[in-house]
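Chemist: Sending over model27.tsv (TSV, C-alpha atoms).
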```tsv
chain	number	residue	atom	x	y	z
H	109	MET	CA	0.00	0.00	0.00
H	110	ALA	CA	2.79	2.37	0.88
H	111	ASP	CA	4.52	1.81	-2.48
H	112	GLU	CA	1.41	2.61	-4.29
H	113	ALA	CA	0.92	5.70	-2.18
H	114	LEU	CA	4.41	6.90	-3.03
H	115	PHE	CA	3.65	6.69	-6.73
H	116	GLN	CA	0.21	8.27	-6.33
H	117	PHE	CA	1.51	11.21	-4.32
H	118	LEU	CA	4.41	11.79	-6.67
H	119	HIS	CA	2.05	11.60	-9.63
H	120	SER	CA	-0.22	14.26	-8.09
H	121	GLU	CA	2.75	16.49	-7.31
H	122	LEU	CA	3.92	16.17	-10.88
H	123	ILE	CA	0.55	17.21	-12.26
H	124	GLN	CA	0.37	20.17	-9.91
H	125	TYR	CA	3.90	21.20	-10.74
H	126	ILE	CA	3.37	21.07	-14.47
H	127	TYR	CA	0.11	22.98	-14.23
H	128	LYS	CA	1.56	25.58	-11.91
H	129	SER	CA	4.69	26.19	-13.93
H	130	GLY	CA	2.78	26.79	-17.17
H	131	ALA	CA	0.26	29.54	-17.82
H	132	ASN	CA	-3.45	28.82	-17.91
H	133	GLY	CA	-5.77	28.60	-20.87
H	134	GLU	CA	-6.92	25.97	-23.32
H	135	THR	CA	-3.72	25.78	-25.40
H	136	GLU	CA	-1.61	25.50	-22.29
H	137	ASN	CA	-3.80	22.71	-20.97
H	138	GLY	CA	-3.16	20.78	-24.16
H	139	LYS	CA	0.58	21.31	-23.79
H	140	ASN	CA	0.56	20.12	-20.21
H	141	ILE	CA	-1.31	16.99	-21.19
H	142	THR	CA	1.30	16.39	-23.89
H	143	LYS	CA	4.12	16.79	-21.38
H	144	LEU	CA	2.56	14.35	-18.96
H	145	GLU	CA	1.94	11.88	-21.74
H	146	ALA	CA	5.55	12.15	-22.92
H	147	MET	CA	6.86	11.51	-19.43
H	148	GLY	CA	4.60	8.50	-19.12
H	149	PHE	CA	5.89	7.25	-22.46
H	150	ARG	CA	9.51	7.24	-21.29
H	151	VAL	CA	8.63	5.67	-17.95
H	152	GLY	CA	6.57	3.01	-19.74
H	153	GLN	CA	9.50	2.18	-22.00
H	154	GLY	CA	11.86	1.85	-19.06
H	155	LEU	CA	9.46	-0.32	-17.11
H	156	ILE	CA	8.76	-2.70	-19.96
H	157	GLU	CA	12.47	-3.11	-20.61
H	158	ARG	CA	13.03	-4.27	-17.05
H	159	PHE	CA	9.81	-6.10	-16.78
H	160	THR	CA	10.01	-8.32	-19.85
H	161	LYS	CA	13.62	-9.41	-19.41
H	162	GLU	CA	12.51	-12.92	-18.55
H	163	THR	CA	9.20	-13.02	-20.35
H	164	PRO	CA	8.94	-15.40	-23.30
H	165	ARG	CA	8.29	-13.78	-26.69
H	166	PHE	CA	4.76	-12.77	-27.44
H	167	LYS	CA	2.77	-14.72	-30.00
H	168	ASP	CA	0.86	-11.84	-31.48
H	169	GLU	CA	-0.68	-8.43	-30.90
H	170	LEU	CA	-3.49	-9.80	-28.75
H	171	ASP	CA	-0.94	-11.60	-26.60
H	172	VAL	CA	0.88	-8.31	-26.02
H	173	MET	CA	-2.37	-6.58	-25.11
H	174	LYS	CA	-3.20	-9.30	-22.60
H	175	PHE	CA	0.20	-8.82	-21.04
H	176	ILE	CA	-0.48	-5.07	-20.71
H	177	CYS	CA	-3.89	-5.73	-19.15
H	178	LYS	CA	-2.66	-8.32	-16.68
H	179	ASP	CA	1.02	-8.13	-15.75
H	180	PHE	CA	1.78	-4.53	-16.60
H	181	TRP	CA	-1.39	-3.17	-15.02
H	182	THR	CA	-0.89	-5.23	-11.88
H	183	CYS	CA	2.65	-3.94	-11.58
H	184	LEU	CA	1.44	-0.36	-11.94
H	185	PHE	CA	-1.86	-0.37	-10.14
H	186	LYS	CA	-2.07	-3.60	-8.12
H	187	LYS	CA	-5.05	-4.80	-10.11
H	188	GLN	CA	-5.83	-6.05	-13.58
H	189	ILE	CA	-7.81	-4.33	-16.28
H	190	ASP	CA	-11.41	-5.40	-15.73
H	191	ASN	CA	-12.41	-5.75	-19.32
H	192	LEU	CA	-10.60	-5.96	-22.65
H	193	ARG	CA	-12.45	-5.67	-25.92
H	194	THR	CA	-11.18	-5.55	-29.47
H	195	ASN	CA	-12.56	-5.24	-32.98
H	196	HIS	CA	-9.72	-7.53	-34.16
H	197	GLN	CA	-8.58	-4.74	-36.45
H	198	GLY	CA	-6.12	-3.04	-34.18
H	199	ILE	CA	-8.48	-1.25	-31.81
H	200	TYR	CA	-8.56	-2.28	-28.17
H	201	VAL	CA	-10.63	-0.91	-25.33
H	202	LEU	CA	-9.26	-1.47	-21.83
H	203	GLN	CA	-11.72	-0.79	-19.09
H	204	ASP	CA	-10.70	-0.23	-15.50
H	205	ASN	CA	-13.70	-0.01	-13.19
H	206	SER	CA	-11.81	1.64	-10.37
H	207	PHE	CA	-8.79	3.34	-11.77
H	208	ARG	CA	-6.32	4.04	-8.97
H	209	LEU	CA	-5.22	7.46	-10.09
H	210	LEU	CA	-8.78	8.68	-10.17
H	211	SER	CA	-9.79	7.20	-6.86
H	212	GLN	CA	-8.58	10.22	-4.91
H	213	LEU	CA	-10.74	12.56	-6.94
H	214	SER	CA	-14.23	13.19	-5.78
H	215	ALA	CA	-16.88	11.61	-7.96
H	216	GLY	CA	-18.84	14.82	-8.50
H	217	LYS	CA	-19.56	15.83	-12.06
H	218	GLN	CA	-17.73	19.11	-11.60
H	219	TYR	CA	-14.48	17.19	-11.33
H	220	LEU	CA	-14.93	15.33	-14.59
H	221	GLU	CA	-13.22	18.13	-16.46
H	222	HIS	CA	-10.07	17.55	-14.40
H	223	ALA	CA	-9.95	13.86	-15.24
H	224	PRO	CA	-7.84	14.16	-18.43
H	225	LYS	CA	-4.81	15.37	-16.56
H	226	TYR	CA	-5.00	12.33	-14.29
H	227	LEU	CA	-5.10	10.03	-17.28
H	228	ALA	CA	-2.44	11.51	-19.56
H	229	PHE	CA	0.56	10.01	-17.79
H	230	THR	CA	-1.03	6.56	-17.91
H	231	CYS	CA	-1.88	6.88	-21.61
H	232	GLY	CA	1.83	7.54	-22.08
H	233	LEU	CA	2.77	4.56	-19.94
H	234	VAL	CA	0.73	2.27	-22.16
H	235	ARG	CA	1.99	3.82	-25.40
H	236	GLY	CA	5.60	3.62	-24.16
H	237	GLY	CA	5.20	0.03	-23.06
H	238	LEU	CA	3.66	-1.01	-26.37
H	239	SER	CA	6.32	0.88	-28.31
H	240	ASP	CA	9.02	-1.08	-26.54
H	241	LEU	CA	7.22	-4.26	-27.49
H	242	GLY	CA	7.25	-3.24	-31.14
H	243	LEU	CA	3.75	-1.80	-31.44
H	244	LYS	CA	3.25	1.79	-32.46
H	245	SER	CA	-0.02	3.10	-31.09
H	246	VAL	CA	-2.24	6.02	-30.22
H	247	VAL	CA	-3.70	5.81	-26.71
H	248	THR	CA	-6.56	7.94	-25.46
H	249	ALA	CA	-8.69	7.75	-22.35
H	250	GLU	CA	-12.13	8.74	-21.26
H	251	VAL	CA	-14.02	8.73	-18.01
H	252	ALA	CA	-17.64	7.75	-18.01
H	253	GLY	CA	-18.40	7.77	-14.31
H	254	MET	CA	-15.56	8.07	-11.83
H	255	PRO	CA	-13.52	6.21	-10.89
H	256	ALA	CA	-14.15	3.99	-13.92
H	257	CYS	CA	-12.34	4.74	-17.12
H	258	LYS	CA	-11.60	3.37	-20.55
H	259	PHE	CA	-8.34	3.46	-22.43
H	260	GLN	CA	-8.60	3.13	-26.16
H	261	VAL	CA	-5.54	1.80	-27.94
H	262	MET	CA	-5.28	2.14	-31.70
H	263	ILE	CA	-2.41	0.12	-33.12
H	264	GLN	CA	-0.76	1.91	-36.01
H	265	LYS	CA	0.18	-0.43	-38.80
H	266	VAL	CA	3.63	0.44	-40.11
L	73	MET	CA	11.13	-4.64	-8.06
L	74	ALA	CA	8.70	-3.24	-10.57
L	75	ASP	CA	7.14	-0.92	-7.99
L	76	GLU	CA	10.47	0.44	-7.10
L	77	ALA	CA	11.32	0.89	-10.75
L	78	LEU	CA	8.14	2.91	-11.30
L	79	PHE	CA	9.14	5.32	-8.56
L	80	GLN	CA	12.74	5.49	-9.73
L	81	PHE	CA	11.84	6.21	-13.34
L	82	LEU	CA	9.25	8.80	-12.36
L	83	HIS	CA	11.77	10.41	-10.02
L	84	SER	CA	14.33	10.67	-12.84
L	85	GLU	CA	11.75	12.11	-15.21
L	86	LEU	CA	10.81	14.69	-12.64
L	87	ILE	CA	14.42	15.81	-12.20
L	88	GLN	CA	14.93	16.03	-15.94
L	89	TYR	CA	11.70	17.92	-16.40
L	90	ILE	CA	12.47	20.45	-13.70
L	91	TYR	CA	15.98	20.99	-15.01
L	92	LYS	CA	14.84	21.29	-18.60
L	93	SER	CA	12.01	23.68	-17.90
L	94	GLY	CA	14.23	26.10	-15.98
L	95	ALA	CA	17.24	27.99	-17.33
L	96	ASN	CA	20.76	26.92	-16.47
L	97	GLY	CA	23.24	28.52	-14.09
L	98	GLU	CA	24.10	28.35	-10.44
L	99	THR	CA	21.09	30.28	-9.13
L	100	GLU	CA	18.74	28.22	-11.20
L	101	ASN	CA	20.30	25.00	-9.91
L	102	GLY	CA	19.59	26.16	-6.38
L	103	LYS	CA	15.98	26.91	-7.30
L	104	ASN	CA	15.51	23.51	-8.87
L	105	ILE	CA	16.88	21.80	-5.79
L	106	THR	CA	14.43	23.82	-3.70
L	107	LYS	CA	11.54	22.77	-5.92
L	108	LEU	CA	12.46	19.11	-5.69
L	109	GLU	CA	12.85	19.38	-1.95
L	110	ALA	CA	9.45	21.05	-1.61
L	111	MET	CA	7.78	18.30	-3.63
L	112	GLY	CA	9.47	15.69	-1.47
L	113	PHE	CA	8.23	17.51	1.62
L	114	ARG	CA	4.59	17.28	0.55
L	115	VAL	CA	4.91	13.65	-0.52
L	116	GLY	CA	6.63	12.83	2.78
L	117	GLN	CA	3.78	14.42	4.72
L	118	GLY	CA	1.18	12.48	2.78
L	119	LEU	CA	3.01	9.20	3.19
L	120	ILE	CA	3.52	9.56	6.92
L	121	GLU	CA	-0.13	10.40	7.39
L	122	ARG	CA	-1.16	7.16	5.74
L	123	PHE	CA	1.67	5.17	7.13
L	124	THR	CA	1.32	5.96	10.82
L	125	LYS	CA	-2.43	5.54	11.06
L	126	GLU	CA	-2.01	2.39	13.09
L	127	THR	CA	1.36	3.06	14.65
L	128	PRO	CA	1.41	3.59	18.41
L	129	ARG	CA	2.60	6.99	19.60
L	130	PHE	CA	6.31	7.60	19.65
L	131	LYS	CA	8.12	7.82	22.97
L	132	ASP	CA	10.62	10.49	22.02
L	133	GLU	CA	12.66	12.07	19.24
L	134	LEU	CA	15.01	9.11	18.96
L	135	ASP	CA	12.04	6.80	18.64
L	136	VAL	CA	10.76	8.87	15.72
L	137	MET	CA	14.18	8.80	14.06
L	138	LYS	CA	14.35	5.03	14.39
L	139	PHE	CA	10.97	4.79	12.73
L	140	ILE	CA	12.24	6.93	9.84
L	141	CYS	CA	15.36	4.76	9.50
L	142	LYS	CA	13.51	1.46	9.59
L	143	ASP	CA	9.87	1.55	8.56
L	144	PHE	CA	9.79	4.71	6.47
L	145	TRP	CA	13.02	3.91	4.63
L	146	THR	CA	11.93	0.34	3.95
L	147	CYS	CA	8.66	1.59	2.55
L	148	LEU	CA	10.48	4.02	0.27
L	149	PHE	CA	13.59	2.14	-0.72
L	150	LYS	CA	13.08	-1.51	0.28
L	151	LYS	CA	15.96	-1.38	2.73
L	152	GLN	CA	16.77	0.17	6.09
L	153	ILE	CA	19.23	2.94	6.81
L	154	ASP	CA	22.54	1.19	7.48
L	155	ASN	CA	23.75	3.40	10.26
L	156	LEU	CA	22.18	6.00	12.55
L	157	ARG	CA	24.31	8.25	14.71
L	158	THR	CA	23.34	11.14	16.95
L	159	ASN	CA	25.03	13.67	19.22
L	160	HIS	CA	21.94	13.48	21.47
L	161	GLN	CA	21.48	17.20	20.93
L	162	GLY	CA	19.18	17.11	17.97
L	163	ILE	CA	21.62	16.15	15.23
L	164	TYR	CA	21.22	12.80	13.49
L	165	VAL	CA	23.28	11.29	10.71
L	166	LEU	CA	21.57	8.62	8.63
L	167	GLN	CA	23.91	6.65	6.44
L	168	ASP	CA	22.71	4.58	3.51
L	169	ASN	CA	25.52	2.53	2.00
L	170	SER	CA	23.74	1.91	-1.27
L	171	PHE	CA	21.15	4.59	-1.76
L	172	ARG	CA	18.65	3.45	-4.35
L	173	LEU	CA	18.22	6.73	-6.16
L	174	LEU	CA	21.95	6.99	-6.74
L	175	SER	CA	22.42	3.40	-7.84
L	176	GLN	CA	21.61	4.19	-11.47
L	177	LEU	CA	24.28	6.87	-11.62
L	178	SER	CA	27.74	5.82	-12.62
L	179	ALA	CA	30.24	5.88	-9.77
L	180	GLY	CA	32.78	8.07	-11.58
L	181	LYS	CA	33.90	11.22	-9.82
L	182	GLN	CA	32.66	13.38	-12.65
L	183	TYR	CA	29.11	12.47	-11.70
L	184	LEU	CA	29.47	13.53	-8.09
L	185	GLU	CA	28.43	17.05	-8.98
L	186	HIS	CA	25.08	15.73	-10.19
L	187	ALA	CA	24.39	13.91	-6.95
L	188	PRO	CA	22.61	16.80	-5.14
L	189	LYS	CA	19.68	16.75	-7.53
L	190	TYR	CA	19.18	13.06	-6.86
L	191	LEU	CA	19.10	13.68	-3.12
L	192	ALA	CA	16.92	16.79	-2.85
L	193	PHE	CA	13.58	15.03	-3.18
L	194	THR	CA	14.54	12.53	-0.48
L	195	CYS	CA	15.73	15.30	1.87
L	196	GLY	CA	12.25	16.72	1.43
L	197	LEU	CA	10.63	13.34	2.08
L	198	VAL	CA	12.42	13.07	5.42
L	199	ARG	CA	11.69	16.67	6.40
L	200	GLY	CA	8.02	16.26	5.43
L	201	GLY	CA	7.73	13.00	7.32
L	202	LEU	CA	9.30	14.46	10.45
L	203	SER	CA	7.16	17.57	10.20
L	204	ASP	CA	4.04	15.46	10.22
L	205	LEU	CA	5.33	13.72	13.33
L	206	GLY	CA	5.77	17.06	15.06
L	207	LEU	CA	9.47	17.63	14.49
L	208	LYS	CA	10.67	20.68	12.60
L	209	SER	CA	14.00	19.98	10.96
L	210	VAL	CA	16.62	20.90	8.39
L	211	VAL	CA	17.74	17.97	6.27
L	212	THR	CA	20.82	17.98	4.07
L	213	ALA	CA	22.63	15.21	2.25
L	214	GLU	CA	26.10	14.51	1.03
L	215	VAL	CA	27.69	11.79	-1.03
L	216	ALA	CA	31.08	10.50	-0.04
L	217	GLY	CA	31.54	7.71	-2.55
L	218	MET	CA	28.64	6.59	-4.69
L	219	PRO	CA	26.24	5.02	-4.12
L	220	ALA	CA	26.71	5.64	-0.38
L	221	CYS	CA	25.29	8.79	1.12
L	222	LYS	CA	24.60	10.50	4.40
L	223	PHE	CA	21.55	12.48	5.39
L	224	GLN	CA	22.04	14.94	8.19
L	225	VAL	CA	18.95	15.86	10.17
L	226	MET	CA	19.05	18.87	12.46
L	227	ILE	CA	16.00	19.05	14.67
L	228	GLN	CA	14.90	22.65	15.24
L	229	LYS	CA	13.79	23.28	18.77
L	230	VAL	CA	10.67	25.39	18.78
```
Starting from the file, lay out its structure as structure tokens.

Modeler:
Amino acid sequence: MADEALFQFLHSELIQYIYKSGANGETENGKNITKLEAMGFRVGQGLIERFTKETPRFKDELDVMKFICKDFWTCLFKKQIDNLRTNHQGIYVLQDNSFRLLSQLSAGKQYLEHAPKYLAFTCGLVRGGLSDLGLKSVVTAEVAGMPACKFQVMIQKV
Amino acid sequence: MADEALFQFLHSELIQYIYKSGANGETENGKNITKLEAMGFRVGQGLIERFTKETPRFKDELDVMKFICKDFWTCLFKKQIDNLRTNHQGIYVLQDNSFRLLSQLSAGKQYLEHAPKYLAFTCGLVRGGLSDLGLKSVVTAEVAGMPACKFQVMIQKV
């Protein structure tokens, strides 16, 4: 629990720092999200490198996605993704019914607008992890009702 | 291991981000160290709050310091402080013979100058933790030979 707390607190500090150091406004918000996502990307790459040292090779794309949903998610958030869906054409939807990094936020509707900044780093984590496993992707996230959220992964065919 | 890696990677990203977003120069370096320390302070406060919920009250200052060296350090870095010394007048020296956040740095002397930025956040963590336990302090750190380092805690009598 304490480990997780360390990451959660540091993650919140990071968001606050990035938002405080930049100006306000719509454009700036976009930039901050990009920064958080980029940091997540690099952390995701590093983690996967360490984490898959002794993992056998993956069979296919779906096998990689299952690894992200189970092992990677458990390592990050101490739980698995609750639901994985795919159209079998490179689009995957990962649903987490109680996403850890949202669980500190109040569930009121007025906080929904703040959700994206709590998701950007994790989108980056997933994109970075996949990139290190040879899959180029675009990862977005949306919150339906807190603290549940969905990550959509679109694999980019090269 | 993976948990620890998550924290370590995020910590490195944070340092890089803070150093990149500011200008260079001596003054700026000092400011960046202050920022990192302040972030550590808030994270340390948050962690101690969660972490001591079920801990019995501490007998005295030394008891608090032992808690920091054992439980708090283990929670943060998966190991205890290797050596604790005190002059019994409010000064404590905590020695960690293989400090986790330095272990990625190469041990060459040319990297010694970069060590302070890898220690600032942790100085803040300790100061924040102590503050939440009712002890106002000044915490500094020095590296003798990597990856060993010493944290000096000076308790401020109020």

Chemist: Considering all atoms listed in the file, state which residue in the set H:Leu241, H:Ala223, H:Cys257, H:Leu233 is at the smallest distance from chain L.

Modeler: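 Once distances to chain L are computed over all atoms listed in the file, the minimum belongs to H:Leu233.
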
Chemist: Using all atoms listed in the file, list the residues that have an atom at most 9 Å from (-9.6, 12.9, -6.9), coordinates as in the file, as a list in words.

Modeler: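 Neighbouring residues, ordered by chain and number, come to Leu209, Leu210, Ser211, Gln212, Leu213, Ser214, Ala215, Tyr219, His222, Ala223, Tyr226 and Pro255 of chain H.
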
Chemist: Please build the interface table for chain H against chain L with a cut-off of 8 Å, listing for each qualifying residue the nearest atom pair and the distance in Å to one decimal; count only C-alpha atoms, order rows by chain and increasing number, and write it as CSV.

Modeler:
```
residue,atom,partner,partner_atom,distance
H:Ala110,CA,L:Cys147,CA,6.2
H:Asp111,CA,L:Cys147,CA,6.5
H:Glu112,CA,L:Asp75,CA,7.7
H:Ala113,CA,L:Leu119,CA,6.7
H:Leu114,CA,L:Leu119,CA,6.8
H:Phe115,CA,L:Phe79,CA,5.9
H:Phe117,CA,L:Val115,CA,5.7
H:Leu118,CA,L:Val115,CA,6.4
H:Glu121,CA,L:Met111,CA,6.5
H:Leu122,CA,L:Leu86,CA,7.3
H:Met147,CA,L:Glu85,CA,6.5
H:Val151,CA,L:Phe81,CA,5.6
H:Gly154,CA,L:Phe81,CA,7.2
H:Leu155,CA,L:Ala77,CA,6.7
H:Arg158,CA,L:Ala74,CA,7.9
H:Phe159,CA,L:Ala74,CA,6.9
H:Cys183,CA,L:Ala74,CA,6.2
H:Leu184,CA,L:Asp75,CA,7.0
```

Chemist: Out of L:Lys131, L:Lys229, L:Lys208, L:Lys189, which residue has the shortest atom-to-atom distance to L:Asn101 when counting all atoms listed in the file?

Modeler: L:Lys189

Chemist: Quick one: residues within 9 Å of L:Gly162, only C-alpha atoms counted, chain neighbours fewer than 6 positions away excluded, as a count of residues only?

Modeler: 6

Chemist: How many Å lie between atom CA of H:Leu243 and atom CA of H:Met173, rounded to one decimal?

Modeler: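 Atom CA of H:Met173 lies at a distance of 10.0 Å from atom CA of H:Leu243.
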
Chemist: Could you state the separation of atom CA of H:Leu192 and atom CA of H:Ile176 in Å, given to one decimal place?

Modeler: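 Computing it gives 10.3 Å between the two atoms.
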
Chemist: By how many Å are atom CA of H:Asn140 and atom CA of H:Asn191 apart?

Modeler: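 Answer for the atom CA of H:Asn140 to atom CA of H:Asn191 separation: 29.0 Å.
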
Chemist: Need the shell around stretch 193-195 of chain L: protein/DNA/RNA residues with any atom at most 7 Å away, counting all atoms listed in the file. Skip same-chain ones fewer than 4 positions apart. Format as a list in words?

Modeler: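 Listed by chain and then number, they are Leu108, Glu109, Met111, Gly112, Arg199, Val211, Thr212 and Ala213 of chain L.
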
Chemist: Excluding L:Arg129 and its own-chain neighbours fewer than 5 positions away, which residues fall within 12 Å of it when counting only C-alpha atoms? Please give them as number ranges by chain.

Modeler: L: 124, 135-136, 139, 205-206

Chemist: Give me the box for stretch 151-163 of chain L as AutoDock Vina command-line options, namely the centre and edge lengths in Å to one decimal of a box along x, y and z that holds every listed atom plus 5 Å on each side.

Modeler:
```
--center_x 20.5 --center_y 7.9 --center_z 12.1 --size_x 19.1 --size_y 28.6 --size_z 28.7
```

Chemist: Rank nothing, just name the residue among L:Ser203, L:Asn159, L:Thr99, L:Ser170 nearest to L:Phe113, using all atoms listed in the file.

Modeler: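 Closest to L:Phe113 of all the choices is L:Ser203.
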